>>> print(open('final-v6.pdb').read())   # PDB, C-alpha atoms
ATOM      1  CA  MET A 209     -51.243 -80.906 -65.218
ATOM      2  CA  GLN A 210     -49.580 -82.367 -62.118
ATOM      3  CA  ARG A 211     -52.622 -81.370 -60.043
ATOM      4  CA  ILE A 212     -54.952 -83.301 -62.355
ATOM      5  CA  ARG A 213     -52.707 -86.393 -62.163
ATOM      6  CA  HIS A 214     -52.734 -86.197 -58.358
ATOM      7  CA  ILE A 215     -56.538 -85.888 -58.271
ATOM      8  CA  HIS A 216     -56.956 -88.864 -60.623
ATOM      9  CA  ALA A 217     -54.496 -91.007 -58.637
ATOM     10  CA  ILE A 218     -56.194 -90.128 -55.340
ATOM     11  CA  THR A 219     -59.638 -90.770 -56.831
ATOM     12  CA  LYS A 220     -58.516 -94.211 -58.002
ATOM     13  CA  ARG A 221     -57.200 -94.980 -54.515
ATOM     14  CA  LEU A 222     -60.457 -93.771 -52.983
ATOM     15  CA  ILE A 223     -62.437 -96.053 -55.264
ATOM     16  CA  VAL A 224     -60.202 -99.022 -54.425
ATOM     17  CA  MET A 225     -60.300 -98.355 -50.684
ATOM     18  CA  THR A 226     -64.056 -97.693 -50.647
ATOM     19  CA  THR A 227     -64.675-100.920 -52.540
ATOM     20  CA  LEU A 228     -62.355-102.820 -50.208
ATOM     21  CA  ALA A 229     -63.962-101.348 -47.056
ATOM     22  CA  VAL A 230     -67.465-102.070 -48.327
ATOM     23  CA  ALA A 231     -66.442-105.603 -49.321
ATOM     24  CA  VAL A 232     -64.800-106.406 -45.970
ATOM     25  CA  LEU A 233     -67.504-104.921 -43.749
ATOM     26  CA  GLY A 234     -70.216-106.098 -46.120
ATOM     27  CA  GLY A 235     -68.718-109.610 -45.987
ATOM     28  CA  ILE A 236     -68.665-109.593 -42.187
ATOM     29  CA  PHE A 237     -72.190-108.230 -42.192
ATOM     30  CA  ALA A 238     -73.348-110.904 -44.678
ATOM     31  CA  LEU A 239     -71.696-113.738 -42.731
ATOM     32  CA  THR A 240     -73.311-112.542 -39.516
ATOM     33  CA  PHE A 241     -76.671-112.325 -41.223
ATOM     34  CA  PHE A 242     -76.263-115.711 -42.939
ATOM     35  CA  PHE A 243     -75.088-117.679 -39.895
ATOM     36  CA  ASP A 244     -76.941-115.895 -37.091
ATOM     37  CA  GLN A 245     -80.006-114.911 -39.146
ATOM     38  CA  ARG A 246     -79.869-111.385 -37.745
ATOM     39  CA  PHE A 247     -79.076-107.890 -38.929
ATOM     40  CA  LEU A 248     -76.336-106.564 -36.653
ATOM     41  CA  VAL A 249     -76.606-102.799 -36.665
ATOM     42  CA  THR A 250     -73.130-102.577 -35.143
ATOM     43  CA  TRP A 251     -71.588-103.511 -38.517
ATOM     44  CA  ALA A 252     -73.797-101.219 -40.614
ATOM     45  CA  VAL A 253     -73.037 -98.103 -38.543
ATOM     46  CA  PRO A 254     -69.247 -97.926 -39.108
ATOM     47  CA  LEU A 255     -69.724 -98.957 -42.743
ATOM     48  CA  CYS A 256     -71.908 -95.876 -43.318
ATOM     49  CA  GLY A 257     -69.381 -93.728 -41.452
ATOM     50  CA  ILE A 258     -66.511 -95.038 -43.580
ATOM     51  CA  ILE A 259     -68.451 -94.406 -46.788
ATOM     52  CA  GLY A 260     -69.228 -90.881 -45.547
ATOM     53  CA  GLY A 261     -65.513 -90.309 -44.950
ATOM     54  CA  PHE A 262     -64.607 -91.437 -48.465
ATOM     55  CA  VAL A 263     -67.296 -89.224 -50.011
ATOM     56  CA  SER A 264     -66.060 -86.293 -47.911
ATOM     57  CA  ILE A 265     -62.498 -86.642 -49.197
ATOM     58  CA  GLN A 266     -63.675 -86.904 -52.799
ATOM     59  CA  GLN A 267     -65.847 -83.788 -52.410
ATOM     60  CA  ARG A 268     -62.914 -81.751 -51.066
ATOM     61  CA  LEU A 269     -60.246 -82.783 -53.591
ATOM     62  CA  ASN A 270     -60.769 -79.836 -55.956
ATOM     63  CA  LYS A 271     -60.410 -77.340 -53.098
ATOM     64  CA  VAL A 272     -57.250 -78.836 -51.582
ATOM     65  CA  ALA A 273     -53.927 -77.012 -51.970
ATOM     66  CA  ASP A 274     -51.313 -78.508 -54.294
ATOM     67  CA  GLU A 275     -48.999 -79.443 -51.403
ATOM     68  CA  GLU A 276     -51.747 -81.372 -49.651
ATOM     69  CA  LEU A 277     -52.668 -83.102 -52.908
ATOM     70  CA  ALA A 278     -49.049 -84.229 -53.285
ATOM     71  CA  LEU A 279     -49.113 -85.553 -49.692
ATOM     72  CA  LEU A 280     -52.384 -87.412 -50.260
ATOM     73  CA  ASN A 281     -51.052 -88.847 -53.511
ATOM     74  CA  ALA A 282     -47.868 -90.075 -51.826
ATOM     75  CA  SER A 283     -49.548 -91.762 -48.860
ATOM     76  CA  TRP A 284     -52.264 -94.409 -48.632
ATOM     77  CA  PHE A 285     -52.376 -93.773 -44.895
ATOM     78  CA  GLN A 286     -53.454 -90.148 -45.344
ATOM     79  CA  ILE A 287     -56.300 -91.263 -47.604
ATOM     80  CA  LEU A 288     -57.464 -93.891 -45.101
ATOM     81  CA  LEU A 289     -57.306 -91.665 -42.028
ATOM     82  CA  VAL A 290     -60.526 -89.686 -42.629
ATOM     83  CA  PRO A 291     -62.689 -92.750 -43.418
ATOM     84  CA  ILE A 292     -61.304 -94.627 -40.387
ATOM     85  CA  PHE A 293     -62.170 -91.652 -38.198
ATOM     86  CA  GLY A 294     -65.576 -91.594 -39.918
ATOM     87  CA  GLY A 295     -66.231 -95.195 -38.872
ATOM     88  CA  VAL A 296     -65.088 -94.531 -35.303
ATOM     89  CA  PHE A 297     -67.170 -91.346 -35.069
ATOM     90  CA  ALA A 298     -70.205 -93.239 -36.398
ATOM     91  CA  LEU A 299     -69.784 -95.815 -33.600
ATOM     92  CA  VAL A 300     -69.428 -93.048 -30.992
ATOM     93  CA  LEU A 301     -72.563 -91.379 -32.342
ATOM     94  CA  TYR A 302     -74.352 -94.747 -32.163
ATOM     95  CA  LEU A 303     -73.440 -94.959 -28.460
ATOM     96  CA  VAL A 304     -74.686 -91.388 -27.944
ATOM     97  CA  PHE A 305     -78.018 -92.379 -29.514
ATOM     98  CA  LEU A 306     -78.233 -95.621 -27.510
ATOM     99  CA  SER A 307     -77.565 -93.758 -24.271
ATOM    100  CA  GLY A 308     -80.329 -91.245 -24.959
ATOM    101  CA  ILE A 309     -77.928 -88.308 -24.516
ATOM    102  CA  VAL A 310     -79.267 -86.962 -27.810
ATOM    103  CA  SER A 311     -82.878 -87.691 -28.693
ATOM    104  CA  GLY A 312     -85.801 -86.235 -30.570
ATOM    105  CA  ASP A 313     -87.741 -86.646 -33.794
ATOM    106  CA  LEU A 314     -84.629 -86.214 -35.946
ATOM    107  CA  PHE A 315     -82.767 -89.017 -34.189
ATOM    108  CA  PRO A 316     -83.407 -92.779 -34.015
ATOM    109  CA  ALA A 317     -85.218 -94.495 -31.151
ATOM    110  CA  PHE A 318     -84.224 -98.016 -30.083
ATOM    111  CA  SER A 319     -85.840-101.145 -28.685
ATOM    112  CA  PHE A 320     -83.763-102.756 -25.947
ATOM    113  CA  PRO A 321     -84.044-106.259 -24.469
ATOM    114  CA  THR A 322     -85.053-106.347 -20.826
ATOM    115  CA  GLN A 323     -83.416-108.322 -18.048
ATOM    116  CA  ASP A 324     -86.551-110.496 -17.999
ATOM    117  CA  ASP A 325     -85.903-111.547 -21.631
ATOM    118  CA  VAL A 326     -82.586-113.128 -20.658
ATOM    119  CA  GLU A 327     -82.414-116.595 -19.182
ATOM    120  CA  GLU A 328     -80.548-117.019 -15.930
ATOM    121  CA  GLY A 329     -76.801-117.400 -16.385
ATOM    122  CA  GLU A 330     -76.709-115.656 -19.755
ATOM    123  CA  ASP A 331     -74.718-112.486 -20.262
ATOM    124  CA  PHE A 332     -77.131-109.543 -20.285
ATOM    125  CA  MET A 333     -74.605-107.171 -21.919
ATOM    126  CA  LEU A 334     -74.107-109.579 -24.798
ATOM    127  CA  HIS A 335     -77.867-109.565 -25.367
ATOM    128  CA  ILE A 336     -77.932-105.777 -25.321
ATOM    129  CA  PHE A 337     -75.394-105.628 -28.153
ATOM    130  CA  GLN A 338     -77.017-108.442 -30.131
ATOM    131  CA  GLU A 339     -80.678-107.558 -29.656
ATOM    132  CA  THR A 340     -80.858-103.772 -29.549
ATOM    133  CA  TYR A 341     -82.342-102.438 -32.763
ATOM    134  CA  PRO A 342     -83.875 -99.223 -34.069
ATOM    135  CA  SER A 343     -87.556 -99.290 -33.124
ATOM    136  CA  THR A 344     -88.922 -98.786 -36.650
ATOM    137  CA  GLY A 345     -87.815 -98.702 -40.272
ATOM    138  CA  PRO A 346     -87.576 -94.893 -40.244
ATOM    139  CA  ASP A 347     -85.443 -95.142 -37.073
ATOM    140  CA  LEU A 348     -83.035 -97.464 -38.912
ATOM    141  CA  ALA A 349     -82.891 -94.999 -41.804
ATOM    142  CA  LYS A 350     -82.172 -92.148 -39.360
ATOM    143  CA  LEU A 351     -79.375 -94.156 -37.748
ATOM    144  CA  LEU A 352     -77.746 -94.939 -41.093
ATOM    145  CA  PHE A 353     -78.121 -91.328 -42.245
ATOM    146  CA  TRP A 354     -76.516 -89.929 -39.076
ATOM    147  CA  SER A 355     -73.769 -92.554 -39.322
ATOM    148  CA  PHE A 356     -72.987 -91.312 -42.829
ATOM    149  CA  VAL A 357     -73.018 -87.707 -41.569
ATOM    150  CA  ALA A 358     -70.598 -88.647 -38.757
ATOM    151  CA  GLY A 359     -68.127 -89.862 -41.395
ATOM    152  CA  PHE A 360     -68.810 -87.098 -43.903
ATOM    153  CA  SER A 361     -68.517 -84.189 -41.488
ATOM    154  CA  GLU A 362     -65.300 -84.699 -39.527
ATOM    155  CA  ARG A 363     -66.244 -82.039 -36.981
ATOM    156  CA  PHE A 364     -69.828 -83.170 -36.283
ATOM    157  CA  VAL A 365     -69.185 -85.772 -33.563
ATOM    158  CA  PRO A 366     -66.316 -83.871 -31.867
ATOM    159  CA  GLN A 367     -68.558 -80.775 -31.736
ATOM    160  CA  LEU A 368     -71.410 -82.871 -30.335
ATOM    161  CA  ILE A 369     -69.104 -84.262 -27.648
ATOM    162  CA  SER A 370     -67.919 -80.753 -26.853
ATOM    163  CA  THR A 371     -71.509 -79.493 -26.580
ATOM    164  CA  VAL A 372     -72.532 -82.363 -24.301
ATOM    165  CA  THR A 373     -69.513 -81.953 -22.014
ATOM    166  CA  SER A 374     -70.065 -78.202 -21.699
ATOM    167  CA  SER A 375     -73.746 -78.798 -20.949
ATOM    168  CA  VAL A 376     -72.782 -81.261 -18.228
ATOM    169  CA  SER A 377     -70.286 -78.753 -16.842
ATOM    170  CA  GLU A 378     -72.957 -76.040 -16.735
ATOM    171  CA  VAL A 379     -75.479 -78.310 -15.031
ATOM    172  CA  SER A 380     -72.952 -79.524 -12.473
ATOM    173  CA  GLY A 381     -71.782 -75.966 -11.809
ATOM    174  CA  VAL A 382     -68.229 -76.588 -12.965
ATOM    175  CA  SER A 383     -66.907 -74.061 -15.432
ATOM    176  CA  GLU A 384     -64.386 -74.861 -18.127
ATOM    177  CA  LYS A 385     -61.900 -72.634 -16.297
ATOM    178  CA  ASP A 386     -62.337 -74.753 -13.140
ATOM    179  CA  GLU A 387     -61.776 -77.912 -15.196
ATOM    180  CA  ARG A 388     -58.573 -76.470 -16.725
ATOM    181  CA  ASP A 389     -57.371 -75.391 -13.261
ATOM    182  CA  ASP A 390     -58.067 -78.870 -11.861
ATOM    183  CA  SER A 391     -56.203 -80.583 -14.705
ATOM    184  CA  ALA A 392     -53.272 -78.156 -14.374
ATOM    185  CA  GLU A 393     -52.947 -79.035 -10.687
ATOM    186  CA  ARG A 394     -52.630 -82.744 -11.523
TER     187      ARG A 394
END
>>> encode(input="final-v6.pdb", output="structure tokens")
Amino acid sequence: MQRIRHIHAITKRLIVMTTLAVAVLGGIFALTFFFDQRFLVTWAVPLCGIIGGFVSIQQRLNKVADEELALLNASWFQILLVPIFGGVFALVLYLVFLSGIVSGDLFPAFSFPTQDDVEEGEDFMLHIFQETYPSTGPDLAKLLFWSFVAGFSERFVPQLISTVTSSVSEVSGVSEKDERDDSAER
């Protein structure tokens, strides 16, 4: 019976926190859209990651051990940790997509402003963040989907980072053992 009470209490907290996160980020998103008349992808990406994190926790509740349920029930922080990581991982994945490190038909393509589009004296980097968008509607959908996945699957982005760094090590001829030896010497 205690287990069921813990699950219900945690579920209520998840609903409250999901609603609060969606309201806050949705409010920021709406204000940006209302005042600047633009859709800033940078706000939508972490929102999808946070929602993915909340859904992930809810999906796992029935499989969690009783001790962990008691810990989750006793701490708001523990409930918020996974969704916060989900939002951060979604932003990191967004940067990976923007950089072109990962590309292909399954991943979004982007349209970037060029230096010629910026008037002299304006900050080019600011324009990159404000005016870089997925190239098409399906590219936006792919970005939002992968942002949700980044929050839902806690290991997805760390594994992607690990894969990219080992690929770079292989290409540069540096083995992981050499990297460990170098860091041990420091």
>>> residues_around(input="final-v6.pdb", residues="Pro366 of chain A", least_positions_apart="4", cutoff="12 Å", atoms="all atoms listed in the file", output="list in words")
Phe293, Gly294, Val296, Phe297, Ala298, Val300, Leu301, Val304, Ala358, Gly359, Ser361, Glu362, Ser370, Thr371, Val372 and Thr373 of chain A
>>> resolve_selection(input="final-v6.pdb", expression="the PyMOL selection byres ((chain A and resi 350) around 12)", output="PyMOL selection string")
chain A and resi 253+256+301-302+305+311-318+342-349+351-357
>>> atom_distance(input="final-v6.pdb", atom1="atom CA of Asn281 of chain A", atom2="atom CA of Phe364 of chain A")
26.1 Å
>>> atom_distance(input="final-v6.pdb", atom1="atom CA of Ser375 of chain A", atom2="atom CA of Leu303 of chain A")
17.8 Å
>>> atom_distance(input="final-v6.pdb", atom1="atom CA of Thr240 of chain A", atom2="atom CA of Pro321 of chain A")
19.5 Å
>>> residues_near_point(input="final-v6.pdb", point="(-50.5, -86.6, -55.4)", cutoff="12 Å", atoms="only C-alpha atoms", output="PyMOL selection string")
chain A and resi 209-221+269+272-284+286-287
>>> residues_around(input="final-v6.pdb", residues="Ile259 of chain A", least_positions_apart="3", cutoff="10 Å", atoms="only C-alpha atoms", output="NGL selection string")
:A and (225-227 or 229-230 or 254-256 or 262-264 or 291-292 or 294-295 or 355-357 or 359-360)
>>> closest_residue(input="final-v6.pdb", among="A:Gly261, A:Arg268, A:Thr322, A:Gly308", to="Val290 of chain A", atoms="only C-alpha atoms")
A:Gly261
>>> closest_residue(input="final-v6.pdb", among="A:Phe332, A:Val310, A:Tyr341, A:Gln266", to="Leu368 of chain A", atoms="only C-alpha atoms")
A:Val310
>>> resolve_selection(input="final-v6.pdb", expression="the PyMOL selection byres ((chain A and resi 339) around 12)", output="PyMOL selection string")
chain A and resi 244+246-250+318-323+325-326+332-338+340-343
>>> closest_residue(input="final-v6.pdb", among="A:Phe237, A:Ala252, A:Gly260, A:Leu288", to="Val224 of chain A", atoms="all atoms listed in the file")
A:Leu288
>>> decode(input="final-v6.pdb", residues="segment 282-296 of chain A", atoms="C-alpha atoms", output="mmCIF file, in the first residue's frame")
data_model
loop_
_atom_site.group_PDB
_atom_site.id
_atom_site.type_symbol
_atom_site.label_atom_id
_atom_site.label_comp_id
_atom_site.auth_asym_id
_atom_site.auth_seq_id
_atom_site.Cartn_x
_atom_site.Cartn_y
_atom_site.Cartn_z
ATOM 1 C CA ALA A 282 10.717 12.648 -0.115
ATOM 2 C CA SER A 283 12.554 14.984 -2.488
ATOM 3 C CA TRP A 284 11.323 17.439 -5.113
ATOM 4 C CA PHE A 285 14.926 17.842 -6.225
ATOM 5 C CA GLN A 286 15.237 14.179 -7.218
ATOM 6 C CA ILE A 287 12.097 14.476 -9.339
ATOM 7 C CA LEU A 288 13.379 17.618 -11.072
ATOM 8 C CA LEU A 289 16.880 16.328 -11.780
ATOM 9 C CA VAL A 290 16.036 14.086 -14.764
ATOM 10 C CA PRO A 291 13.892 16.694 -16.578
ATOM 11 C CA ILE A 292 16.535 19.400 -16.010
ATOM 12 C CA PHE A 293 19.160 17.092 -17.485
ATOM 13 C CA GLY A 294 16.699 16.380 -20.313
ATOM 14 C CA GLY A 295 16.496 20.088 -21.149
ATOM 15 C CA VAL A 296 20.278 20.487 -21.008
#
